[in-house]
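Peer 1: This is the structure, below, for whatever I ask next.
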Amino acid sequence: MSDIDDEQQILALHEAGDKSLMRADLETLARIFADDYVQHNESGKAFTKQDVLNNSGRARSAIRR
């Protein structure tokens, strides 16, 4: 595999993750994020994969109301 192919795969995965976050697509997010995934908000608070999935699930429930 070339560097360009790798870069295209990474960009596609990043885009799929963004779209899944916007749709609160928990199945896709669970597949995309590694089990040890951690993200930080602007104040430095860490969120695990499960935190992100839980927060996305709550957002999806709020949107449906």
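Ordering of the structure tokens sets the chain letters (A, B, ...); residue numbers start at 1 within each chain; ligands are numbered from 1 in the order shown.
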Near Glu27 (chain A), within 12 Å and counting only C-alpha atoms, which residues show up once chain neighbours fewer than 5 positions away are dropped, as a PyMOL selection string?
Peer 2: chain A and resi 16-17+20-21+32-33+53-54+56-57
Peer 1: Emit the selected residues as a PDB file, in the first residue's frame, including N, CA and C atoms.
Peer 2:
```pdb
ATOM      1  N   ALA A  16     -15.945   9.670   7.918  1.00  0.00           N
ATOM      2  CA  ALA A  16     -17.005   8.777   8.396  1.00  0.00           C
ATOM      3  C   ALA A  16     -17.266   9.003   9.879  1.00  0.00           C
ATOM      4  N   GLY A  17     -16.215   9.224  10.643  1.00  0.00           N
ATOM      5  CA  GLY A  17     -16.373   9.501  12.068  1.00  0.00           C
ATOM      6  C   GLY A  17     -17.112  10.802  12.317  1.00  0.00           C
ATOM      7  N   SER A  20     -20.731  10.314  11.466  1.00  0.00           N
ATOM      8  CA  SER A  20     -21.361   9.466  12.480  1.00  0.00           C
ATOM      9  C   SER A  20     -21.622  10.249  13.763  1.00  0.00           C
ATOM     10  N   LEU A  21     -20.704  11.127  14.130  1.00  0.00           N
ATOM     11  CA  LEU A  21     -20.926  11.973  15.305  1.00  0.00           C
ATOM     12  C   LEU A  21     -22.123  12.885  15.098  1.00  0.00           C
ATOM     13  N   ILE A  32     -15.476   2.493  14.641  1.00  0.00           N
ATOM     14  CA  ILE A  32     -14.359   3.346  14.235  1.00  0.00           C
ATOM     15  C   ILE A  32     -13.388   3.599  15.383  1.00  0.00           C
ATOM     16  N   PHE A  33     -13.906   3.916  16.568  1.00  0.00           N
ATOM     17  CA  PHE A  33     -13.038   4.261  17.695  1.00  0.00           C
ATOM     18  C   PHE A  33     -12.403   3.015  18.297  1.00  0.00           C
ATOM     19  N   LEU A  53     -19.562   7.632  23.289  1.00  0.00           N
ATOM     20  CA  LEU A  53     -20.752   6.890  22.849  1.00  0.00           C
ATOM     21  C   LEU A  53     -21.951   7.232  23.730  1.00  0.00           C
ATOM     22  N   ASN A  54     -21.741   7.311  25.026  1.00  0.00           N
ATOM     23  CA  ASN A  54     -22.848   7.658  25.930  1.00  0.00           C
ATOM     24  C   ASN A  54     -23.369   9.064  25.651  1.00  0.00           C
ATOM     25  N   SER A  56     -23.108  10.759  22.850  1.00  0.00           N
ATOM     26  CA  SER A  56     -23.753  10.775  21.539  1.00  0.00           C
ATOM     27  C   SER A  56     -25.140  10.161  21.616  1.00  0.00           C
ATOM     28  N   GLY A  57     -25.290   9.128  22.424  1.00  0.00           N
ATOM     29  CA  GLY A  57     -26.595   8.493  22.602  1.00  0.00           C
ATOM     30  C   GLY A  57     -27.588   9.431  23.259  1.00  0.00           C
TER      31      GLY A  57
END
```
Peer 1: As JSON, numbers by chain, which residues of chain A does DSSP assign to alpha helix (DSSP H)?
Peer 2: {"A": [3, 4, 5, 6, 7, 8, 9, 10, 11, 12, 13, 14, 15, 16, 17, 18, 19, 20, 21, 22, 23, 26, 27, 28, 29, 30, 31, 32, 49, 50, 51, 52, 53, 54, 55, 56, 57, 58, 59, 60, 61, 62, 63, 64]}
Peer 1: Could you save the residues just selected, with N, CA and C atoms, as a short mmCIF file (atom, residue, chain, number, x, y, z; two decimals), in the first residue's frame?
Peer 2:
```cif
data_model
loop_
_atom_site.label_atom_id
_atom_site.label_comp_id
_atom_site.auth_asym_id
_atom_site.auth_seq_id
_atom_site.Cartn_x
_atom_site.Cartn_y
_atom_site.Cartn_z
N ASP A 3 1.72 5.43 0.42
CA ASP A 3 1.40 6.49 1.40
C ASP A 3 0.11 7.21 1.02
N ILE A 4 -0.12 7.38 -0.29
CA ILE A 4 -1.34 8.05 -0.75
C ILE A 4 -2.56 7.22 -0.40
N ASP A 5 -2.50 5.91 -0.60
CA ASP A 5 -3.61 5.03 -0.23
C ASP A 5 -3.88 5.10 1.27
N ASP A 6 -2.82 5.07 2.06
CA ASP A 6 -2.96 5.17 3.51
C ASP A 6 -3.62 6.49 3.89
N GLU A 7 -3.16 7.57 3.27
CA GLU A 7 -3.72 8.89 3.58
C GLU A 7 -5.20 8.95 3.20
N GLN A 8 -5.56 8.39 2.06
CA GLN A 8 -6.96 8.38 1.63
C GLN A 8 -7.83 7.58 2.58
N GLN A 9 -7.32 6.46 3.07
CA GLN A 9 -8.07 5.65 4.03
C GLN A 9 -8.26 6.39 5.34
N ILE A 10 -7.23 7.07 5.80
CA ILE A 10 -7.32 7.83 7.05
C ILE A 10 -8.33 8.96 6.89
N LEU A 11 -8.26 9.69 5.78
CA LEU A 11 -9.20 10.79 5.55
C LEU A 11 -10.64 10.28 5.46
N ALA A 12 -10.84 9.15 4.79
CA ALA A 12 -12.19 8.58 4.67
C ALA A 12 -12.71 8.16 6.04
N LEU A 13 -11.86 7.58 6.86
CA LEU A 13 -12.26 7.16 8.20
C LEU A 13 -12.59 8.37 9.07
N HIS A 14 -11.80 9.42 8.95
CA HIS A 14 -12.05 10.66 9.70
C HIS A 14 -13.39 11.26 9.28
N GLU A 15 -13.65 11.30 7.99
CA GLU A 15 -14.92 11.83 7.49
C GLU A 15 -16.10 10.98 7.96
N ALA A 16 -15.95 9.67 7.92
CA ALA A 16 -17.00 8.78 8.40
C ALA A 16 -17.27 9.00 9.88
N GLY A 17 -16.22 9.22 10.64
CA GLY A 17 -16.37 9.50 12.07
C GLY A 17 -17.11 10.80 12.32
N ASP A 18 -16.76 11.84 11.55
CA ASP A 18 -17.45 13.14 11.69
C ASP A 18 -18.93 13.00 11.37
N LYS A 19 -19.23 12.33 10.27
CA LYS A 19 -20.63 12.14 9.89
C LYS A 19 -21.38 11.32 10.93
N SER A 20 -20.73 10.31 11.47
CA SER A 20 -21.36 9.47 12.48
C SER A 20 -21.62 10.25 13.76
N LEU A 21 -20.70 11.13 14.13
CA LEU A 21 -20.93 11.97 15.31
C LEU A 21 -22.12 12.89 15.10
N MET A 22 -22.23 13.47 13.90
CA MET A 22 -23.35 14.37 13.62
C MET A 22 -24.69 13.64 13.62
N ARG A 23 -24.68 12.38 13.18
CA ARG A 23 -25.91 11.58 13.14
C ARG A 23 -26.13 10.79 14.43
N LEU A 26 -24.23 5.38 16.69
CA LEU A 26 -23.41 4.72 17.71
C LEU A 26 -22.73 3.46 17.21
N GLU A 27 -23.38 2.71 16.33
CA GLU A 27 -22.76 1.48 15.82
C GLU A 27 -21.49 1.79 15.03
N THR A 28 -21.57 2.80 14.18
CA THR A 28 -20.40 3.17 13.38
C THR A 28 -19.31 3.75 14.27
N LEU A 29 -19.68 4.61 15.20
CA LEU A 29 -18.69 5.17 16.11
C LEU A 29 -17.99 4.08 16.91
N ALA A 30 -18.73 3.11 17.38
CA ALA A 30 -18.15 2.01 18.16
C ALA A 30 -17.16 1.22 17.32
N ARG A 31 -17.45 1.09 16.03
CA ARG A 31 -16.55 0.36 15.13
C ARG A 31 -15.30 1.18 14.81
N ILE A 32 -15.48 2.49 14.64
CA ILE A 32 -14.36 3.35 14.23
C ILE A 32 -13.39 3.60 15.38
N LYS A 49 -13.78 6.31 24.93
CA LYS A 49 -14.68 5.84 23.87
C LYS A 49 -16.09 5.70 24.43
N GLN A 50 -16.24 5.08 25.58
CA GLN A 50 -17.56 4.87 26.16
C GLN A 50 -18.23 6.19 26.52
N ASP A 51 -17.46 7.14 27.02
CA ASP A 51 -18.01 8.47 27.32
C ASP A 51 -18.59 9.11 26.06
N VAL A 52 -17.82 9.05 24.97
CA VAL A 52 -18.27 9.65 23.71
C VAL A 52 -19.53 8.95 23.22
N LEU A 53 -19.56 7.63 23.29
CA LEU A 53 -20.75 6.89 22.85
C LEU A 53 -21.95 7.23 23.73
N ASN A 54 -21.74 7.31 25.03
CA ASN A 54 -22.85 7.66 25.93
C ASN A 54 -23.37 9.06 25.65
N ASN A 55 -22.45 10.01 25.46
CA ASN A 55 -22.86 11.39 25.18
C ASN A 55 -23.57 11.50 23.83
N SER A 56 -23.11 10.76 22.85
CA SER A 56 -23.75 10.78 21.54
C SER A 56 -25.14 10.16 21.62
N GLY A 57 -25.29 9.13 22.42
CA GLY A 57 -26.59 8.49 22.60
C GLY A 57 -27.59 9.43 23.26
N ARG A 58 -27.12 10.20 24.23
CA ARG A 58 -28.00 11.19 24.88
C ARG A 58 -28.39 12.29 23.90
N ALA A 59 -27.43 12.69 23.06
CA ALA A 59 -27.74 13.73 22.07
C ALA A 59 -28.77 13.22 21.07
N ARG A 60 -28.65 11.96 20.67
CA ARG A 60 -29.61 11.38 19.72
C ARG A 60 -30.99 11.34 20.36
N SER A 61 -31.09 10.99 21.62
CA SER A 61 -32.38 10.95 22.31
C SER A 61 -32.99 12.34 22.40
N ALA A 62 -32.17 13.35 22.66
CA ALA A 62 -32.67 14.73 22.77
C ALA A 62 -33.17 15.23 21.42
N ILE A 63 -32.51 14.86 20.35
CA ILE A 63 -32.92 15.30 19.02
C ILE A 63 -34.27 14.68 18.65
N ARG A 64 -34.50 13.45 19.04
CA ARG A 64 -35.75 12.76 18.69
C ARG A 64 -36.96 13.36 19.40
#
```
Peer 1: As a PyMOL selection string, which residues of region 3-65 of chain A does DSSP assign to strand (DSSP E)?
Peer 2: chain A and resi 38-40+46-48
Peer 1: Can those selected residues be exported to a file as a PDB file, in the first residue's frame so that it contains C-alpha atoms?
Peer 2:
```
ATOM      1  CA  VAL A  38      -9.543   9.173  24.336  1.00  0.00           C
ATOM      2  CA  GLN A  39     -10.448  12.687  23.247  1.00  0.00           C
ATOM      3  CA  HIS A  40     -10.034  15.931  25.140  1.00  0.00           C
ATOM      4  CA  ALA A  46     -10.614  13.546  28.846  1.00  0.00           C
ATOM      5  CA  PHE A  47     -13.427  11.437  27.402  1.00  0.00           C
ATOM      6  CA  THR A  48     -13.084   7.716  26.748  1.00  0.00           C
TER       7      THR A  48
END
```
